[in-house]
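So this one's structure27.txt, compact mmCIF, C-alpha atoms:
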# COMPACT_ATOMS: atom_id res chain seq x y z
CA MET A 1 -62.86 14.61 -20.98
CA PRO A 2 -59.57 15.72 -22.61
CA GLN A 3 -59.67 16.38 -26.31
CA ASN A 4 -56.93 13.87 -27.16
CA THR A 5 -59.15 11.03 -26.01
CA ALA A 6 -61.53 11.66 -28.93
CA ALA A 7 -59.27 9.61 -31.20
CA THR A 8 -59.12 6.55 -28.94
CA PRO A 9 -60.34 3.27 -30.46
CA GLN A 10 -63.24 3.17 -27.99
CA ASN A 11 -64.51 6.63 -28.94
CA ARG A 12 -63.94 6.04 -32.64
CA LYS A 13 -66.02 2.88 -32.39
CA LEU A 14 -68.76 4.74 -30.49
CA VAL A 15 -68.97 7.55 -33.04
CA ALA A 16 -68.80 5.17 -36.01
CA THR A 17 -71.58 3.00 -34.57
CA TRP A 18 -73.76 6.09 -34.09
CA LEU A 19 -73.20 7.18 -37.69
CA LEU A 20 -73.83 3.68 -39.04
CA ALA A 21 -77.10 3.60 -37.10
CA LEU A 22 -78.04 6.91 -38.73
CA ALA A 23 -77.17 5.49 -42.17
CA PHE A 24 -79.42 2.52 -41.39
CA MET A 25 -82.25 4.93 -40.53
CA ILE A 26 -81.82 6.67 -43.88
CA TRP A 27 -82.05 3.29 -45.59
CA VAL A 28 -85.29 2.52 -43.73
CA MET A 29 -86.54 5.97 -44.74
CA VAL A 30 -86.06 5.01 -48.39
CA GLY A 31 -88.35 2.03 -47.86
CA ILE A 32 -91.02 4.10 -46.13
CA GLY A 33 -90.77 6.79 -48.78
CA GLY A 34 -90.94 4.25 -51.59
CA TYR A 35 -94.08 2.73 -50.11
CA THR A 36 -95.78 6.12 -49.70
CA ARG A 37 -94.88 6.97 -53.28
CA ASP A 38 -96.00 3.69 -54.83
CA THR A 39 -99.30 3.66 -52.91
CA GLY A 40 -100.06 7.32 -53.59
CA SER A 41 -100.04 8.12 -49.86
CA GLY A 42 -97.64 11.02 -50.16
CA LEU A 43 -100.32 13.59 -50.95
CA SER A 44 -102.51 12.76 -47.96
CA ILE A 45 -100.99 15.52 -45.78
CA MET A 46 -101.55 18.90 -47.39
CA ASN A 47 -99.35 21.10 -45.21
CA TRP A 48 -95.80 21.26 -43.96
CA ASP A 49 -95.54 21.83 -40.21
CA PRO A 50 -92.06 20.78 -39.04
CA ILE A 51 -93.00 21.16 -35.36
CA ILE A 52 -96.79 20.88 -34.97
CA GLY A 53 -96.94 18.26 -37.70
CA ALA A 54 -95.15 15.81 -35.43
CA LEU A 55 -98.52 15.06 -33.84
CA PRO A 56 -101.22 13.15 -35.75
CA PRO A 57 -104.89 14.16 -35.57
CA LEU A 58 -106.02 13.55 -31.98
CA SER A 59 -109.77 14.04 -32.28
CA GLY A 60 -112.64 13.32 -34.61
CA ASP A 61 -112.83 17.00 -35.54
CA ALA A 62 -109.13 17.06 -36.40
CA TRP A 63 -109.52 14.02 -38.65
CA ALA A 64 -112.58 15.57 -40.30
CA LYS A 65 -110.74 18.83 -41.04
CA LEU A 66 -107.76 17.02 -42.51
CA PHE A 67 -110.00 14.81 -44.64
CA ALA A 68 -111.96 17.83 -45.84
CA LEU A 69 -108.71 19.46 -46.91
CA TYR A 70 -107.70 16.30 -48.79
CA LYS A 71 -110.99 16.41 -50.68
CA THR A 72 -109.93 19.72 -52.23
CA ILE A 73 -106.96 18.30 -54.13
CA PRO A 74 -107.12 16.64 -57.57
CA GLN A 75 -105.93 13.25 -56.34
CA TYR A 76 -109.11 12.79 -54.32
CA GLN A 77 -111.37 14.27 -56.99
CA ILE A 78 -109.89 12.17 -59.80
CA LEU A 79 -108.83 8.92 -58.13
CA HIS A 80 -110.60 8.63 -54.78
CA GLN A 81 -113.99 10.24 -55.22
CA GLY A 82 -116.31 8.80 -52.59
CA MET A 83 -113.54 7.55 -50.29
CA ASP A 84 -114.59 7.38 -46.62
CA LEU A 85 -112.57 8.45 -43.59
CA ASP A 86 -111.19 4.95 -43.00
CA GLY A 87 -109.84 4.90 -46.55
CA PHE A 88 -108.24 8.29 -45.99
CA LYS A 89 -106.56 7.03 -42.84
CA GLN A 90 -104.97 4.19 -44.82
CA LEU A 91 -103.38 6.85 -47.03
CA PHE A 92 -102.48 9.13 -44.12
CA TRP A 93 -100.51 6.81 -41.84
CA PRO A 94 -97.65 5.85 -44.23
CA GLU A 95 -97.00 9.51 -45.07
CA TYR A 96 -97.22 10.48 -41.41
CA LEU A 97 -94.73 7.75 -40.51
CA HIS A 98 -92.45 8.95 -43.31
CA ARG A 99 -92.38 12.48 -41.93
CA LEU A 100 -92.12 11.35 -38.31
CA TRP A 101 -89.15 9.11 -39.16
CA GLY A 102 -87.45 12.11 -40.76
CA ARG A 103 -87.89 14.14 -37.58
CA LEU A 104 -86.55 11.23 -35.53
CA MET A 105 -83.46 11.05 -37.74
CA GLY A 106 -82.82 14.73 -37.07
CA LEU A 107 -82.86 14.07 -33.34
CA VAL A 108 -80.65 11.00 -33.69
CA LEU A 109 -78.09 13.17 -35.48
CA LEU A 110 -78.33 16.32 -33.37
CA LEU A 111 -78.59 15.09 -29.77
CA PRO A 112 -75.65 12.63 -29.82
CA LEU A 113 -73.60 15.20 -31.76
CA ILE A 114 -74.12 17.72 -28.96
CA GLY A 115 -73.40 15.10 -26.31
CA PHE A 116 -70.23 13.85 -28.00
CA ALA A 117 -69.01 17.41 -28.57
CA VAL A 118 -69.56 18.41 -24.94
CA THR A 119 -67.85 15.30 -23.56
CA GLY A 120 -64.97 15.42 -26.05
CA ARG A 121 -65.75 12.03 -27.56
CA ILE A 122 -65.74 13.33 -31.12
CA GLU A 123 -62.89 15.03 -32.95
CA LYS A 124 -63.41 18.75 -33.36
CA ARG A 125 -62.79 18.63 -37.09
CA LEU A 126 -65.91 16.47 -37.54
CA ILE A 127 -68.31 18.77 -35.69
CA PRO A 128 -68.76 21.44 -38.43
CA TRP A 129 -69.15 18.71 -41.08
CA LEU A 130 -71.82 16.86 -39.11
CA ALA A 131 -73.56 20.13 -38.27
CA LEU A 132 -73.68 20.81 -42.01
CA LEU A 133 -75.23 17.39 -42.59
CA PHE A 134 -77.86 18.23 -39.98
CA ALA A 135 -78.66 21.45 -41.85
CA LEU A 136 -78.83 19.52 -45.13
CA GLY A 137 -81.22 17.10 -43.45
CA GLY A 138 -83.50 20.05 -42.71
CA LEU A 139 -83.16 21.16 -46.32
CA GLN A 140 -84.14 17.64 -47.35
CA GLY A 141 -87.41 18.12 -45.46
CA PHE A 142 -88.04 21.28 -47.47
CA ILE A 143 -87.20 19.46 -50.72
CA GLY A 144 -89.71 16.80 -49.69
CA TRP A 145 -92.41 19.45 -49.32
CA PHE A 146 -91.32 21.02 -52.62
CA MET A 147 -91.89 17.59 -54.19
CA VAL A 148 -95.25 16.95 -52.49
CA SER A 149 -96.64 20.38 -53.37
CA SER A 150 -96.28 19.58 -57.07
CA GLY A 151 -99.07 17.04 -56.63
CA PHE A 152 -101.60 19.68 -55.59
CA VAL A 153 -101.78 21.53 -58.90
CA PRO A 154 -104.91 21.17 -61.08
CA ASP A 155 -105.35 17.82 -62.87
CA SER A 156 -102.38 16.27 -61.01
CA THR A 157 -102.69 13.03 -59.07
CA ALA A 158 -99.00 12.54 -58.27
CA VAL A 159 -95.80 14.50 -57.73
CA GLU A 160 -93.59 15.56 -60.62
CA PRO A 161 -90.98 12.85 -61.35
CA TRP A 162 -88.05 15.27 -61.52
CA ARG A 163 -88.88 16.57 -58.04
CA LEU A 164 -89.09 12.99 -56.81
CA SER A 165 -85.65 12.37 -58.29
CA LEU A 166 -84.27 15.48 -56.58
CA HIS A 167 -85.69 14.36 -53.22
CA PHE A 168 -84.29 10.86 -53.62
CA PHE A 169 -80.79 11.92 -54.61
CA ALA A 170 -80.61 14.47 -51.82
CA ALA A 171 -81.27 11.51 -49.52
CA MET A 172 -78.59 9.49 -51.30
CA PHE A 173 -76.08 12.29 -50.81
CA LEU A 174 -76.84 12.34 -47.09
CA LEU A 175 -76.56 8.57 -46.89
CA GLY A 176 -73.27 8.53 -48.76
CA ALA A 177 -71.83 11.35 -46.65
CA VAL A 178 -72.85 9.72 -43.36
CA LEU A 179 -71.61 6.28 -44.43
CA TRP A 180 -68.28 7.55 -45.75
CA THR A 181 -67.75 9.55 -42.56
CA ALA A 182 -68.53 6.50 -40.41
CA LEU A 183 -66.10 4.33 -42.38
CA THR A 184 -63.40 6.99 -42.14
CA VAL A 185 -63.87 7.29 -38.39
CA GLN A 186 -63.47 3.51 -38.19
CA SER A 187 -60.40 3.43 -40.44
CA PRO A 188 -58.82 6.89 -40.60
CA GLU A 189 -55.68 5.73 -42.39
CA PRO A 190 -56.20 4.19 -45.84
CA ALA A 191 -54.75 0.72 -46.24
CA ARG A 192 -52.24 0.41 -49.07
CA HIS A 193 -53.34 -2.11 -51.69
CA PRO A 194 -50.64 -2.48 -54.38
CA GLY A 195 -51.90 -3.34 -57.84
CA CYS A 196 -55.51 -2.27 -57.12
CA LYS A 197 -55.57 1.15 -58.74
CA GLY A 198 -57.24 -0.22 -61.87
CA LEU A 199 -59.81 -1.97 -59.71
CA ARG A 200 -60.55 1.33 -58.00
CA ARG A 201 -61.15 3.03 -61.35
CA LEU A 202 -63.43 0.21 -62.48
CA SER A 203 -65.33 0.39 -59.18
CA LEU A 204 -65.79 4.14 -59.60
CA ALA A 205 -67.15 3.61 -63.13
CA ALA A 206 -69.57 0.98 -61.79
CA PHE A 207 -70.64 3.41 -59.07
CA ILE A 208 -71.42 6.11 -61.63
CA LEU A 209 -73.39 3.68 -63.79
CA LEU A 210 -75.37 2.57 -60.74
CA LEU A 211 -76.22 6.19 -59.94
CA LEU A 212 -77.44 6.68 -63.51
CA ALA A 213 -79.57 3.52 -63.31
CA MET A 214 -81.04 4.70 -60.01
CA PHE A 215 -81.75 8.09 -61.58
CA GLY A 216 -83.71 6.30 -64.28
CA GLY A 217 -85.44 4.29 -61.57
CA THR A 218 -86.75 7.43 -59.88
CA PHE A 219 -88.55 8.36 -63.10
CA VAL A 220 -89.97 4.85 -63.44
CA SER A 221 -91.33 5.24 -59.92
CA GLY A 222 -92.53 8.76 -60.69
CA ILE A 223 -94.73 7.55 -63.55
CA HIS A 224 -95.84 4.38 -61.71
CA GLY A 225 -93.98 2.38 -64.35
CA ILE A 226 -94.50 -0.82 -62.36
CA THR A 227 -98.08 -0.86 -63.67
CA ALA A 228 -97.10 -0.26 -67.31
CA PHE A 229 -95.61 -3.66 -68.15
CA ASP A 230 -97.34 -4.92 -71.30
CA PRO A 231 -95.83 -7.69 -73.45
CA ALA A 232 -98.40 -6.97 -76.16
CA THR A 233 -96.91 -3.52 -76.80
CA GLY A 234 -93.37 -4.39 -75.77
CA ILE A 235 -93.35 -1.98 -72.82
CA GLY A 236 -90.98 -3.25 -70.16
CA THR A 237 -89.79 -6.26 -72.17
CA GLY A 238 -86.38 -4.80 -72.95
CA GLN A 239 -87.27 -3.72 -76.48
CA PRO A 240 -86.28 -0.15 -77.40
CA PRO A 241 -89.36 1.89 -78.32
CA ALA A 242 -89.79 3.35 -81.78
CA GLY A 243 -87.58 6.39 -82.28
CA TRP A 244 -85.29 5.55 -79.36
CA PRO A 245 -83.20 7.24 -78.00
CA MET A 246 -84.96 10.46 -78.99
CA SER A 247 -88.44 9.19 -78.15
CA GLY A 248 -89.31 11.20 -75.05
CA ILE A 249 -86.57 10.59 -72.51
CA PHE A 250 -88.56 12.17 -69.65
CA SER A 251 -92.09 11.92 -70.97
CA ASP A 252 -92.71 8.65 -72.82
CA THR A 253 -93.48 5.70 -70.53
CA ALA A 254 -91.90 3.05 -72.76
CA THR A 255 -88.73 5.12 -73.16
CA ILE A 256 -88.41 5.84 -69.43
CA ILE A 257 -88.71 2.16 -68.58
CA PHE A 258 -86.33 1.04 -71.33
CA ASP A 259 -83.73 3.66 -70.39
CA HIS A 260 -83.80 2.43 -66.79
CA GLN A 261 -83.44 -1.18 -67.94
CA PHE A 262 -80.61 -0.28 -70.33
CA LEU A 263 -78.67 1.59 -67.64
CA ALA A 264 -79.38 -1.17 -65.12
CA VAL A 265 -77.90 -3.79 -67.46
CA LEU A 266 -74.78 -1.65 -67.96
CA ALA A 267 -74.44 -1.16 -64.21
CA THR A 268 -74.92 -4.88 -63.59
CA ILE A 269 -72.21 -5.81 -66.09
CA ALA A 270 -69.80 -3.26 -64.62
CA ILE A 271 -70.41 -4.40 -61.03
CA LEU A 272 -70.02 -8.06 -61.92
CA ALA A 273 -66.81 -7.13 -63.75
CA VAL A 274 -65.53 -5.58 -60.52
CA THR A 275 -66.30 -8.80 -58.64
CA VAL A 276 -64.65 -10.99 -61.27
CA GLN A 277 -61.57 -8.78 -61.53
CA THR A 278 -61.22 -8.80 -57.75
CA ILE A 279 -61.33 -12.60 -57.59
CA ARG A 280 -58.77 -12.85 -60.39
CA HIS A 281 -56.28 -10.47 -58.74
CA GLU A 282 -56.63 -11.98 -55.26
CA PRO A 283 -56.52 -8.69 -53.28
CA PRO A 284 -56.54 -8.50 -49.45
CA ALA A 285 -59.55 -10.04 -47.71
CA PRO A 286 -61.35 -6.74 -46.90
CA VAL A 287 -61.38 -5.77 -50.59
CA ARG A 288 -62.28 -9.30 -51.73
CA ASP A 289 -65.21 -9.52 -49.32
CA ALA A 290 -66.54 -6.08 -50.28
CA ALA A 291 -66.37 -6.96 -53.98
CA ALA A 292 -68.10 -10.31 -53.41
CA LEU A 293 -70.92 -8.51 -51.59
CA ILE A 294 -71.64 -6.13 -54.46
CA GLY A 295 -71.71 -9.09 -56.85
CA LEU A 296 -74.35 -10.86 -54.76
CA LEU A 297 -76.40 -7.69 -54.28
CA VAL A 298 -76.43 -6.77 -57.98
CA ILE A 299 -77.67 -10.24 -58.96
CA LEU A 300 -80.42 -9.92 -56.35
CA GLN A 301 -81.19 -6.42 -57.63
CA PHE A 302 -81.61 -7.65 -61.19
CA VAL A 303 -83.96 -10.44 -60.09
CA LEU A 304 -86.01 -8.06 -57.94
CA GLY A 305 -86.32 -5.56 -60.78
CA VAL A 306 -87.63 -8.12 -63.25
CA THR A 307 -89.95 -9.63 -60.63
CA ALA A 308 -91.37 -6.24 -59.64
CA LEU A 309 -92.14 -5.30 -63.24
CA VAL A 310 -93.65 -8.63 -64.29
CA SER A 311 -95.64 -9.21 -61.09
CA GLN A 312 -96.59 -5.52 -60.70
CA MET A 313 -96.39 -6.05 -56.93
CA ILE A 314 -95.76 -2.81 -55.04
CA ASP A 315 -94.04 -4.54 -52.13
CA VAL A 316 -91.49 -6.13 -54.47
CA GLY A 317 -90.92 -2.73 -56.06
CA VAL A 318 -90.18 -1.20 -52.66
CA ILE A 319 -87.73 -4.01 -51.83
CA HIS A 320 -86.10 -3.39 -55.22
CA GLN A 321 -85.59 0.27 -54.27
CA MET A 322 -84.19 -0.60 -50.86
CA ASN A 323 -81.79 -3.17 -52.30
CA ALA A 324 -80.54 -0.56 -54.77
CA VAL A 325 -79.59 1.63 -51.83
CA LEU A 326 -77.87 -1.32 -50.12
CA LEU A 327 -75.93 -1.90 -53.33
CA LEU A 328 -74.95 1.76 -53.47
CA GLY A 329 -73.72 1.59 -49.88
CA ALA A 330 -71.79 -1.61 -50.58
CA LEU A 331 -70.06 0.03 -53.54
CA LEU A 332 -69.17 3.03 -51.38
CA ASN A 333 -67.71 0.63 -48.84
CA LEU A 334 -65.58 -0.97 -51.56
CA LEU A 335 -64.40 2.42 -52.82
CA HIS A 336 -63.53 3.42 -49.27
CA ARG A 337 -61.43 0.28 -48.83
CA LEU A 338 -59.69 1.00 -52.16
CA ARG A 339 -58.92 4.64 -51.39
CA GLY A 340 -55.32 3.69 -50.64
CA ALA A 341 -54.90 1.59 -53.79
CA THR A 342 -51.66 1.97 -55.72
CA ALA A 343 -50.58 0.91 -59.17
Show the structure stored in the file as structure tokens.
Amino acid sequence: MPQNTAATPQNRKLVATWLLALAFMIWVMVGIGGYTRDTGSGLSIMNWDPIIGALPPLSGDAWAKLFALYKTIPQYQILHQGMDLDGFKQLFWPEYLHRLWGRLMGLVLLLPLIGFAVTGRIEKRLIPWLALLFALGGLQGFIGWFMVSSGFVPDSTAVEPWRLSLHFFAAMFLLGAVLWTALTVQSPEPARHPGCKGLRRLSLAAFILLLLAMFGGTFVSGIHGITAFDPATGIGTGQPPAGWPMSGIFSDTATIIFDHQFLAVLATIAILAVTVQTIRHEPPAPVRDAAALIGLLVILQFVLGVTALVSQMIDVGVIHQMNAVLLLGALLNLLHRLRGATA
């Protein structure tokens, strides 16, 4: 196929759809990863085998060996002493699915990339960039193992929160890069939106605040903050702990939860301000719709966050994490539509 056909609307739509499907897979991965983290399943596989590890235990002996290995780590000895094989399997399958989904994403990126490159359906300038994203996806697998291995040290029953944060934000970078690339393939020329430059700046500020709130959220997840809500002590009720803000920003449970709540409130106000400002200035429909979406998602995010903390329900906490990623993607979409904004 001639190279100049790579930029046809049909091929652009094909490539963009592929990349959007990959972004969707990353979003699903966040949900699987959040569930493994919140249930403590992430430490159930004690080795990192990128190739052989694609297969689960296929015999009773294989299960017995894996379970025996799990019994050597502190999480079993401290939290799950006496657990039987069926209990171990309940821990194993979410983590196995998490890793298998990661391998599947690698294939979904690599195989179509090769096919599109060979057939000339993708512009040459995109190939090195997407190949880099594939390499970064492999690095993400290593970062995941770097995170998991921190849970095997003596007296540890969970991974270190800062490594969890690193793993999460590496995933967010990949998601953002894939989504932005897909949107650019769809709309290579930025639309000019006169009078929206201020809205773009406000949207960027809201985006940064959301990232900070999500950073705080990774530490809440890392310390299992969903179980720490206690009105009697004020933890999780929105009250600043004694000595705040210098009261243990990465070590004190009450401070970690309050910091996340504080940043989340700031992000919510900023995002709602974007929505209100957009409605007031009556921009073109694509910008208006994108701004309305972030307003709806941030209200839902706030409700989910409060519900997860008060109810202490893991499933609600996972949905809260996944909605945060949807909100991040929606803000990126708005920023992409505003990239041609002028004063």
Selection near Pro154 (chain A), 12 Å with only C-alpha atoms, sequence-local residues under 5 positions removed, as a PyMOL selection string: chain A and resi 72-78+149+159
Create the file for the chosen residues now, containing C-alpha atoms and written as a compact mmCIF listing (two decimals), in the coordinates of the input.
# COMPACT_ATOMS: atom_id res chain seq x y z
CA THR A 72 -109.93 19.72 -52.23
CA ILE A 73 -106.96 18.30 -54.13
CA PRO A 74 -107.12 16.64 -57.57
CA GLN A 75 -105.93 13.25 -56.34
CA TYR A 76 -109.11 12.79 -54.32
CA GLN A 77 -111.37 14.27 -56.99
CA ILE A 78 -109.89 12.17 -59.80
CA SER A 149 -96.64 20.38 -53.37
CA VAL A 159 -95.80 14.50 -57.73
Contacts of region 246-259 of chain A at 8 Å (all atoms listed in the file; same-chain gap of 2+ positions) as a ChimeraX atom specification: /A:216,219-220,223,225,228,235-236,238-244,261-263
Nearest residue to Ala158 (chain A) from the set A:Ile314, A:Leu58, A:His224, A:Ala21 (distances using only C-alpha atoms):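 Of A:Ile314, A:Leu58, A:His224, A:Ala21, the one nearest Ala158 (chain A), counting only C-alpha atoms, is A:His224.
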Interatomic distance (Å, one decimal) between CA of Asp315 (chain A) and CA of Met214 (chain A):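 We find that CA of Asp315 (chain A) and CA of Met214 (chain A) lie 17.8 Å from each other.
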Within 12 Å of file point (-109.4, 7.3, -42.0), counting all atoms listed in the file, expressed as number ranges by chain: A: 44, 56-57, 59-60, 62-68, 70, 83-93
Minimum-distance residue to Gly102 (chain A), chosen among A:Leu297, A:Leu212, A:Leu204, A:Leu22 (using all atoms listed in the file):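 When distances to Gly102 (chain A) are compared using all atoms listed in the file, the smallest one comes from A:Leu22.
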